[in-house]
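To start, the structure under review is shown below, and the notes come after it.
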Amino acid sequence: MIAISVDTPAESQKLRESQGYTFPILSDANRDVIRRWDLVHPHGGEDGSDISRPAEFLIDSSGKVRWVNLTEDLRVRARPEQVLRAFDSANAHGSAGE
Amino acid sequence: MKPSWNPRLWWGFALALAAMVSYPLFFARYAITRDFPWVTLLLLAIAIFLLATGIARAFQRPDAYRGKVAGSILGVLTLLLVGFFLTVIFYMARQIPASHGAPQVGQVAPDFTLPDSKNNLVTLSALVDSSFAPNGSSAPTSGAEKTAATVLIFYRGYW
């Protein structure tokens with residue numbers, strides 16, 4: 001599991017330490033990836049800058065997207081069970097030699 | 001008879017504040033009370049009921065209950081605050097632009113390389129083919145432990 005945000009590496013490291021997160025947090029400070037993936041939320045940041053909208057993807061070992069969740073409500077994000085179900089189904093397909 | 005104190009006004013106001021403060025601090029942490037905030041809405045309904053009945057008796061039986069002025073002020077204040085709160089959680093939280101160009105199921109995820117929080121460059125295509133060790137360094141593992149998939153989460157940031 002990896003996360004991406006527009007925060008700088010230093011800010012993300014502070015968050016990882018304060019929250020005890022063990023997953024890596026990548027920094028897309030230039031918004032390059034967020035733009036390329038069409039996930040920009042214009043002026044969504046606290047200071048009016050462009051940020052990423054919330055989005056979750058499950059990507060298999062061949063690099064293909066297996067599941068995607070693009071919420072329309074900031075309060076409603078993917079739940080861990082949802083992600084695990086998607087993971088299980090990707091795994092099943094994978095071992096079936098699909 | 002001297003009019004007595006009208007506690008419903010103050011309990012109603014206090015409960016409305018508590019309901020709105022407890023949502024971000026507590027109830028929003030759990031999907032069951034966040035996605036549809038039924039606990040918060042229930043508390044707000046009780047708060048407004050207390051205030052409304054408190055105001056009603058202050059006006060209908062001014063000989064028995066105080067609170068015409070305080071009740072009016074607290075009532076208006078509560079309605080404004082609750083209105084703002086509901087606007088934020090039911091309207092403003094939904095103002096997310098739609099994404100039509102995001103990678104869809106079945107498509108290959110566009111590759112990228114970005115620095116992690118320790119400034120090590122991470123490339124998606126290299127990552128999905130290996131498991132990610134908890135310390136944040138990518139390390140290929142044996143076939144049995146190989147990850148079937150990688151969860152990639154885009155966050156709003158600004159923590």
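Chain labels A, B, ... are given in the sequence in which chains occur in the structure tokens; within each chain residues are numbered consecutively from 1, and ligands are likewise numbered from 1 in the order shown.
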
Determine, for each residue of segment 11-53 of chain B having at least one atom at most 8 Å from an atom of segment 54-75 of chain A, the closest pair of atoms and their separation in Å to one decimal, counting only C-alpha atoms; order by chain and ascending number, as a Markdown table.
| residue | atom | partner | partner_atom | distance |
| --- | --- | --- | --- | --- |
| B:Ala28 | CA | A:Arg75 | CA | 7.8 |
| B:Arg34 | CA | A:Arg75 | CA | 6.8 |
| B:Asp35 | CA | A:Arg75 | CA | 6.2 |

Find the residues of chain B that sit at most 8 Å from chain A; for each, write down the nearest two atoms and how far apart they are in Å, to one decimal. Count only C-alpha atoms. Sort by chain, then by number going up, and give it as JSON lines.
{"residue": "B:Ala28", "atom": "CA", "partner": "A:Arg75", "partner_atom": "CA", "distance": 7.8}
{"residue": "B:Ala31", "atom": "CA", "partner": "A:Arg79", "partner_atom": "CA", "distance": 7.6}
{"residue": "B:Arg34", "atom": "CA", "partner": "A:Arg75", "partner_atom": "CA", "distance": 6.8}
{"residue": "B:Asp35", "atom": "CA", "partner": "A:Val76", "partner_atom": "CA", "distance": 5.4}
{"residue": "B:Ile89", "atom": "CA", "partner": "A:Arg75", "partner_atom": "CA", "distance": 7.7}
{"residue": "B:Ala93", "atom": "CA", "partner": "A:Leu74", "partner_atom": "CA", "distance": 5.1}
{"residue": "B:Arg94", "atom": "CA", "partner": "A:Asp73", "partner_atom": "CA", "distance": 4.4}
{"residue": "B:Gln95", "atom": "CA", "partner": "A:Asp73", "partner_atom": "CA", "distance": 7.5}
{"residue": "B:Ile96", "atom": "CA", "partner": "A:Glu72", "partner_atom": "CA", "distance": 6.0}
{"residue": "B:Pro97", "atom": "CA", "partner": "A:His41", "partner_atom": "CA", "distance": 6.1}
{"residue": "B:Ala98", "atom": "CA", "partner": "A:Glu72", "partner_atom": "CA", "distance": 7.5}
{"residue": "B:Ser99", "atom": "CA", "partner": "A:Asp38", "partner_atom": "CA", "distance": 5.9}
{"residue": "B:His100", "atom": "CA", "partner": "A:Asp38", "partner_atom": "CA", "distance": 7.1}
{"residue": "B:Gly101", "atom": "CA", "partner": "A:Asp38", "partner_atom": "CA", "distance": 5.1}
{"residue": "B:Ala102", "atom": "CA", "partner": "A:Trp37", "partner_atom": "CA", "distance": 4.9}
{"residue": "B:Pro103", "atom": "CA", "partner": "A:Trp37", "partner_atom": "CA", "distance": 6.6}
{"residue": "B:Gln104", "atom": "CA", "partner": "A:Val65", "partner_atom": "CA", "distance": 6.4}
{"residue": "B:Val105", "atom": "CA", "partner": "A:Val65", "partner_atom": "CA", "distance": 4.9}
{"residue": "B:Gly106", "atom": "CA", "partner": "A:Val65", "partner_atom": "CA", "distance": 5.4}
{"residue": "B:Gln107", "atom": "CA", "partner": "A:Lys64", "partner_atom": "CA", "distance": 5.5}
{"residue": "B:Val108", "atom": "CA", "partner": "A:Lys64", "partner_atom": "CA", "distance": 4.1}
{"residue": "B:Ala109", "atom": "CA", "partner": "A:Lys64", "partner_atom": "CA", "distance": 5.7}
{"residue": "B:Pro110", "atom": "CA", "partner": "A:Trp37", "partner_atom": "CA", "distance": 7.4}
{"residue": "B:Phe112", "atom": "CA", "partner": "A:Val33", "partner_atom": "CA", "distance": 6.8}
{"residue": "B:Leu114", "atom": "CA", "partner": "A:Leu26", "partner_atom": "CA", "distance": 6.0}
{"residue": "B:Pro115", "atom": "CA", "partner": "A:Leu26", "partner_atom": "CA", "distance": 5.6}
{"residue": "B:Asp116", "atom": "CA", "partner": "A:Leu26", "partner_atom": "CA", "distance": 4.1}
{"residue": "B:Ser117", "atom": "CA", "partner": "A:Pro9", "partner_atom": "CA", "distance": 3.9}
{"residue": "B:Lys118", "atom": "CA", "partner": "A:Pro9", "partner_atom": "CA", "distance": 6.4}
{"residue": "B:Asn119", "atom": "CA", "partner": "A:Pro9", "partner_atom": "CA", "distance": 6.3}
{"residue": "B:Val122", "atom": "CA", "partner": "A:Leu26", "partner_atom": "CA", "distance": 7.8}
{"residue": "B:Ser125", "atom": "CA", "partner": "A:Gly63", "partner_atom": "CA", "distance": 6.3}
{"residue": "B:Val128", "atom": "CA", "partner": "A:Ser61", "partner_atom": "CA", "distance": 4.9}
{"residue": "B:Asp129", "atom": "CA", "partner": "A:Ser61", "partner_atom": "CA", "distance": 4.8}
{"residue": "B:Ser130", "atom": "CA", "partner": "A:Ser61", "partner_atom": "CA", "distance": 7.8}
{"residue": "B:Phe132", "atom": "CA", "partner": "A:Met1", "partner_atom": "CA", "distance": 7.5}
{"residue": "B:Pro134", "atom": "CA", "partner": "A:Thr22", "partner_atom": "CA", "distance": 5.6}
{"residue": "B:Asn135", "atom": "CA", "partner": "A:Thr22", "partner_atom": "CA", "distance": 6.4}
{"residue": "B:Gly136", "atom": "CA", "partner": "A:Pro24", "partner_atom": "CA", "distance": 5.4}
{"residue": "B:Thr147", "atom": "CA", "partner": "A:Ser61", "partner_atom": "CA", "distance": 7.4}
{"residue": "B:Ala148", "atom": "CA", "partner": "A:Asn91", "partner_atom": "CA", "distance": 5.6}
{"residue": "B:Ala149", "atom": "CA", "partner": "A:Asp60", "partner_atom": "CA", "distance": 4.1}
{"residue": "B:Thr150", "atom": "CA", "partner": "A:Ile59", "partner_atom": "CA", "distance": 5.1}
{"residue": "B:Val151", "atom": "CA", "partner": "A:Met1", "partner_atom": "CA", "distance": 4.5}
{"residue": "B:Leu152", "atom": "CA", "partner": "A:Phe57", "partner_atom": "CA", "distance": 5.0}
{"residue": "B:Ile153", "atom": "CA", "partner": "A:Glu56", "partner_atom": "CA", "distance": 4.5}
{"residue": "B:Phe154", "atom": "CA", "partner": "A:Ile4", "partner_atom": "CA", "distance": 4.8}
{"residue": "B:Tyr155", "atom": "CA", "partner": "A:Ser5", "partner_atom": "CA", "distance": 5.0}
{"residue": "B:Arg156", "atom": "CA", "partner": "A:Ser52", "partner_atom": "CA", "distance": 5.0}
{"residue": "B:Gly157", "atom": "CA", "partner": "A:Ser5", "partner_atom": "CA", "distance": 5.0}
{"residue": "B:Tyr158", "atom": "CA", "partner": "A:Asp7", "partner_atom": "CA", "distance": 6.3}
{"residue": "B:Trp159", "atom": "CA", "partner": "A:Leu15", "partner_atom": "CA", "distance": 7.2}

If you measure from atom CA of Gly75 of chain B to atom CA of Gly54 of chain B, what distance in Å do you get, rounded to one decimal?
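Atom CA of Gly54 of chain B lies at a distance of 9.6 Å from atom CA of Gly75 of chain B.
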
d(atom CA of Phe59 of chain B, atom CA of Met20 of chain B) in Å:
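If I compute the distance from atom CA of Phe59 of chain B to atom CA of Met20 of chain B, I get 27.5 Å.
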
I need the helix (DSSP H, G or I) residues of chain B per DSSP on the backbone, written as number ranges by chain.
B: 7-25, 27-29, 31-34, 38-60, 68-90, 92-94, 124-128, 143-145

Using only C-alpha atoms, which protein or nucleic acid residues come within 12 Å of Val21 of chain B? Drop anything in the same chain fewer than 5 positions from it, and give the result as a ChimeraX atom specification.
/B:14-16,26-28,40,43-44,81-82,85

Which residues are near Phe13 of chain B? Cut-off 9 Å, only C-alpha atoms, ignore same chain within fewer than 4 positions. Put them as a ChimeraX atom specification.
/B:8-9,17-18,47-48,50-51,74-75,77-78

The selected residues should be written to file as a JSON list (two decimals), in the first residue's frame (atoms: N, CA and C atoms).
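File again20.json, as written:
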[["chain", "number", "residue", "atom", "x", "y", "z"],
["B", 8, "ARG", "N", -34.29, 23.86, 29.75],
["B", 8, "ARG", "CA", -34.32, 23.23, 28.41],
["B", 8, "ARG", "C", -33.58, 24.07, 27.38],
["B", 9, "LEU", "N", -33.66, 25.39, 27.55],
["B", 9, "LEU", "CA", -32.96, 26.27, 26.61],
["B", 9, "LEU", "C", -31.47, 25.98, 26.62],
["B", 17, "LEU", "N", -24.24, 22.15, 20.52],
["B", 17, "LEU", "CA", -22.80, 22.37, 20.40],
["B", 17, "LEU", "C", -22.04, 21.05, 20.53],
["B", 18, "ALA", "N", -22.43, 20.25, 21.52],
["B", 18, "ALA", "CA", -21.74, 18.98, 21.74],
["B", 18, "ALA", "C", -21.88, 18.07, 20.52],
["B", 47, "ALA", "N", -31.64, 18.22, 20.58],
["B", 47, "ALA", "CA", -31.27, 19.57, 21.00],
["B", 47, "ALA", "C", -32.30, 20.59, 20.54],
["B", 48, "ILE", "N", -32.73, 20.46, 19.30],
["B", 48, "ILE", "CA", -33.69, 21.43, 18.75],
["B", 48, "ILE", "C", -35.06, 21.23, 19.42],
["B", 50, "LEU", "N", -35.53, 20.25, 22.55],
["B", 50, "LEU", "CA", -35.40, 20.87, 23.88],
["B", 50, "LEU", "C", -35.52, 22.39, 23.78],
["B", 51, "LEU", "N", -34.80, 22.96, 22.83],
["B", 51, "LEU", "CA", -34.84, 24.41, 22.65],
["B", 51, "LEU", "C", -36.24, 24.88, 22.27],
["B", 74, "LEU", "N", -30.68, 32.13, 21.83],
["B", 74, "LEU", "CA", -30.11, 30.78, 21.71],
["B", 74, "LEU", "C", -30.75, 30.03, 20.55],
["B", 75, "GLY", "N", -32.03, 30.23, 20.34],
["B", 75, "GLY", "CA", -32.71, 29.55, 19.24],
["B", 75, "GLY", "C", -32.17, 29.96, 17.90],
["B", 77, "LEU", "N", -29.28, 31.45, 17.27],
["B", 77, "LEU", "CA", -27.87, 31.07, 17.20],
["B", 77, "LEU", "C", -27.73, 29.58, 16.84],
["B", 78, "THR", "N", -28.54, 28.75, 17.48],
["B", 78, "THR", "CA", -28.47, 27.31, 17.23],
["B", 78, "THR", "C", -28.86, 27.00, 15.79]]

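Between atom CA of Ile55 of chain B and atom CA of Phe84 of chain B the interatomic distance comes to 21.6 Å.
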